[in-house]
Amino acid sequence: MNFLGTDFIFSSIAWIVLIFLLLFIFRKKIFKKFYKNSDFNLFIKHTKDYLKENHSKIKFDYKITEGSSSEPNPTARAYIVIDNLIEQFLNATIDINLSHQPLAQNQLWDGYTFNAKPNGTKLPPDWAKRKNIVLQRDKNICQRCGTHTKVENAHLFLIKSIKNGGQFYVENLIILCNDCHKATTYKNLKYLNIKDELNSFVK
């Protein structure tokens, strides 16, 4: 037995379809009622301030903030921006035109010139000393991104690689931070300090 009647059933289905259709058409306006644009704007401010202060050598492009405007959820939009900025960080290049003066004659030590010549895959036995000199010369600043780095997180990088004829002379070495070392050596997306910092700005 049909208690409701065919007309009622068809009418109810039509209303349900209409409601879902309207929700789909006006979904962006509806979602915006639930999300705060101020959250995203604050995230962008914190992000720009952080990158300018800590990674000033990389010129980040923020076009993604406009390109992601169709995403109504500011949290999801923030993660879209972060993914784009991390990709820019990983693809940043080192200024290969960096030039540093050779060590003065009175700064050289026994074995400096001899140990500068590559020996297979071995690092020079005075690698730590070279690292300390380069770290002081570069003022503990990563020469790829501009962040301040401690000695335990610093890595030496050859401006001219061994395969291209580079040697371990101090003027061919620069300091990289841990993140830049991963980006240039391993192309590793995981466990980047910059990613953790940017994620911390998402509300």
# chains A, B, ... in the order shown; residues from 1 in each chain; ligands from 1
call {"tool": "residues_around", "arguments": {"residues": "Ser68 (chain A)", "least_positions_apart": "5", "cutoff": "9 Å", "atoms": "only C-alpha atoms", "output": "ChimeraX atom specification"}}
result
/A:63,77-78,80-81
call {"tool": "closest_atom_pairs", "arguments": {"of": "region 64-110 of chain A", "to": "region 34-53 of chain A", "cutoff": "12 Å", "atoms": "only C-alpha atoms", "output": "Markdown table"}}
result
| residue | atom | partner | partner_atom | distance |
| --- | --- | --- | --- | --- |
| A:Ile64 | CA | A:Ile44 | CA | 10.9 |
| A:Thr65 | CA | A:Ile44 | CA | 8.2 |
| A:Glu66 | CA | A:Ile44 | CA | 11.5 |
| A:Ser68 | CA | A:Phe40 | CA | 11.2 |
| A:Ser69 | CA | A:Phe40 | CA | 10.5 |
| A:Glu71 | CA | A:Tyr35 | CA | 11.0 |
| A:Pro72 | CA | A:Tyr35 | CA | 7.5 |
| A:Asn73 | CA | A:Tyr35 | CA | 6.3 |
| A:Pro74 | CA | A:Phe40 | CA | 5.2 |
| A:Thr75 | CA | A:Phe40 | CA | 7.2 |
| A:Ala76 | CA | A:Phe40 | CA | 9.6 |
| A:Arg77 | CA | A:Phe40 | CA | 7.7 |
| A:Ala78 | CA | A:Phe40 | CA | 6.6 |
| A:Tyr79 | CA | A:Phe43 | CA | 10.3 |
| A:Ile80 | CA | A:Phe40 | CA | 11.5 |
| A:Val81 | CA | A:Ile44 | CA | 8.8 |
| A:Ile82 | CA | A:Thr47 | CA | 8.9 |
| A:Leu85 | CA | A:Leu51 | CA | 9.7 |
| A:Ile86 | CA | A:Leu51 | CA | 11.1 |
| A:Gln88 | CA | A:Leu51 | CA | 11.9 |
| A:Phe89 | CA | A:Leu51 | CA | 10.3 |
call {"tool": "select_by_dssp", "arguments": {"residues": "region 17-112 of chain A", "states": "helix (DSSP H, G or I)", "output": "ChimeraX atom specification"}}
result
/A:17-25,27-34,37-54,64-67,74-91,105-107,112
call {"tool": "write_last_selection", "arguments": {"atoms": "C-alpha atoms", "output": "mmCIF file, in the first residue's frame"}}
result
data_model
loop_
_atom_site.group_PDB
_atom_site.id
_atom_site.type_symbol
_atom_site.label_atom_id
_atom_site.label_comp_id
_atom_site.auth_asym_id
_atom_site.auth_seq_id
_atom_site.Cartn_x
_atom_site.Cartn_y
_atom_site.Cartn_z
ATOM 1 C CA VAL A 17 17.684 17.388 -6.455
ATOM 2 C CA LEU A 18 17.038 21.132 -6.561
ATOM 3 C CA ILE A 19 18.613 21.658 -3.122
ATOM 4 C CA PHE A 20 21.740 19.687 -4.065
ATOM 5 C CA LEU A 21 21.955 21.549 -7.364
ATOM 6 C CA LEU A 22 21.790 24.910 -5.593
ATOM 7 C CA LEU A 23 24.382 23.773 -3.042
ATOM 8 C CA PHE A 24 26.709 22.760 -5.862
ATOM 9 C CA ILE A 25 26.245 26.019 -7.780
ATOM 10 C CA ARG A 27 29.212 26.024 -2.895
ATOM 11 C CA LYS A 28 32.054 28.596 -2.946
ATOM 12 C CA LYS A 29 29.896 31.328 -1.396
ATOM 13 C CA ILE A 30 28.503 28.909 1.168
ATOM 14 C CA PHE A 31 31.949 27.586 2.159
ATOM 15 C CA LYS A 32 33.265 31.111 2.587
ATOM 16 C CA LYS A 33 30.707 31.636 5.337
ATOM 17 C CA PHE A 34 32.375 28.890 7.340
ATOM 18 C CA ASN A 37 39.915 34.665 5.103
ATOM 19 C CA SER A 38 41.830 36.370 7.895
ATOM 20 C CA ASP A 39 43.410 33.008 8.765
ATOM 21 C CA PHE A 40 44.890 32.682 5.274
ATOM 22 C CA ASN A 41 46.015 36.314 5.155
ATOM 23 C CA LEU A 42 47.768 35.893 8.502
ATOM 24 C CA PHE A 43 49.421 32.710 7.251
ATOM 25 C CA ILE A 44 50.731 34.544 4.157
ATOM 26 C CA LYS A 45 52.087 37.384 6.301
ATOM 27 C CA HIS A 46 53.923 35.007 8.651
ATOM 28 C CA THR A 47 55.236 33.023 5.691
ATOM 29 C CA LYS A 48 56.589 36.053 3.820
ATOM 30 C CA ASP A 49 58.178 37.491 6.969
ATOM 31 C CA TYR A 50 59.813 34.156 7.822
ATOM 32 C CA LEU A 51 61.179 33.520 4.317
ATOM 33 C CA LYS A 52 62.466 37.082 3.963
ATOM 34 C CA GLU A 53 64.296 36.886 7.285
ATOM 35 C CA ASN A 54 65.590 33.316 7.074
ATOM 36 C CA ILE A 64 50.435 30.719 -6.064
ATOM 37 C CA THR A 65 48.476 32.820 -3.558
ATOM 38 C CA GLU A 66 46.345 34.043 -6.457
ATOM 39 C CA GLY A 67 46.434 30.737 -8.284
ATOM 40 C CA PRO A 74 42.004 28.539 3.903
ATOM 41 C CA THR A 75 43.771 25.611 5.588
ATOM 42 C CA ALA A 76 43.797 23.550 2.402
ATOM 43 C CA ARG A 77 44.840 26.656 0.474
ATOM 44 C CA ALA A 78 47.739 27.256 2.868
ATOM 45 C CA TYR A 79 49.038 23.721 2.263
ATOM 46 C CA ILE A 80 48.825 24.286 -1.510
ATOM 47 C CA VAL A 81 50.974 27.399 -1.052
ATOM 48 C CA ILE A 82 53.460 25.531 1.169
ATOM 49 C CA ASP A 83 53.875 22.728 -1.392
ATOM 50 C CA ASN A 84 54.614 25.323 -4.073
ATOM 51 C CA LEU A 85 57.130 27.216 -1.913
ATOM 52 C CA ILE A 86 58.910 23.991 -0.946
ATOM 53 C CA GLU A 87 59.158 23.086 -4.623
ATOM 54 C CA GLN A 88 60.706 26.504 -5.286
ATOM 55 C CA PHE A 89 63.126 25.938 -2.408
ATOM 56 C CA LEU A 90 64.200 22.556 -3.780
ATOM 57 C CA ASN A 91 64.680 23.960 -7.293
ATOM 58 C CA GLN A 105 100.305 32.614 2.598
ATOM 59 C CA ASN A 106 100.515 33.024 6.385
ATOM 60 C CA GLN A 107 97.157 31.220 6.798
ATOM 61 C CA TYR A 112 96.927 22.368 2.665
#
call {"tool": "residues_around", "arguments": {"residues": "Ile94 (chain A)", "least_positions_apart": "6", "cutoff": "10 Å", "atoms": "only C-alpha atoms", "output": "MDAnalysis selection string"}}
result
chainID A and resid 57:58 143:145 159 176 180 184
call {"tool": "write_last_selection", "arguments": {"atoms": "N, CA and C atoms", "output": "CSV table (one decimal), in the first residue's frame"}}
result
chain,number,residue,atom,x,y,z
A,57,LYS,N,68.2,34.7,0.3
A,57,LYS,CA,68.9,34.5,-1.0
A,57,LYS,C,68.1,33.9,-2.0
A,58,ILE,N,66.9,33.3,-1.6
A,58,ILE,CA,66.0,32.8,-2.6
A,58,ILE,C,64.9,33.7,-2.9
A,143,GLN,N,75.1,29.8,1.8
A,143,GLN,CA,75.3,30.6,0.6
A,143,GLN,C,74.3,30.3,-0.5
A,144,ARG,N,73.4,29.3,-0.2
A,144,ARG,CA,72.3,29.0,-1.2
A,144,ARG,C,71.0,29.7,-0.8
A,145,CYS,N,70.6,29.7,0.5
A,145,CYS,CA,69.3,30.2,0.9
A,145,CYS,C,69.4,31.4,1.8
A,159,ILE,N,81.9,24.6,-5.2
A,159,ILE,CA,81.3,25.5,-6.2
A,159,ILE,C,81.6,24.8,-7.6
A,176,LEU,N,76.6,25.4,3.2
A,176,LEU,CA,75.2,25.1,3.0
A,176,LEU,C,74.6,24.7,4.3
A,180,CYS,N,69.5,22.8,2.6
A,180,CYS,CA,70.1,23.0,1.2
A,180,CYS,C,71.0,21.9,0.9
A,184,THR,N,70.3,19.8,-2.5
A,184,THR,CA,71.3,19.7,-3.6
A,184,THR,C,71.9,18.3,-3.7
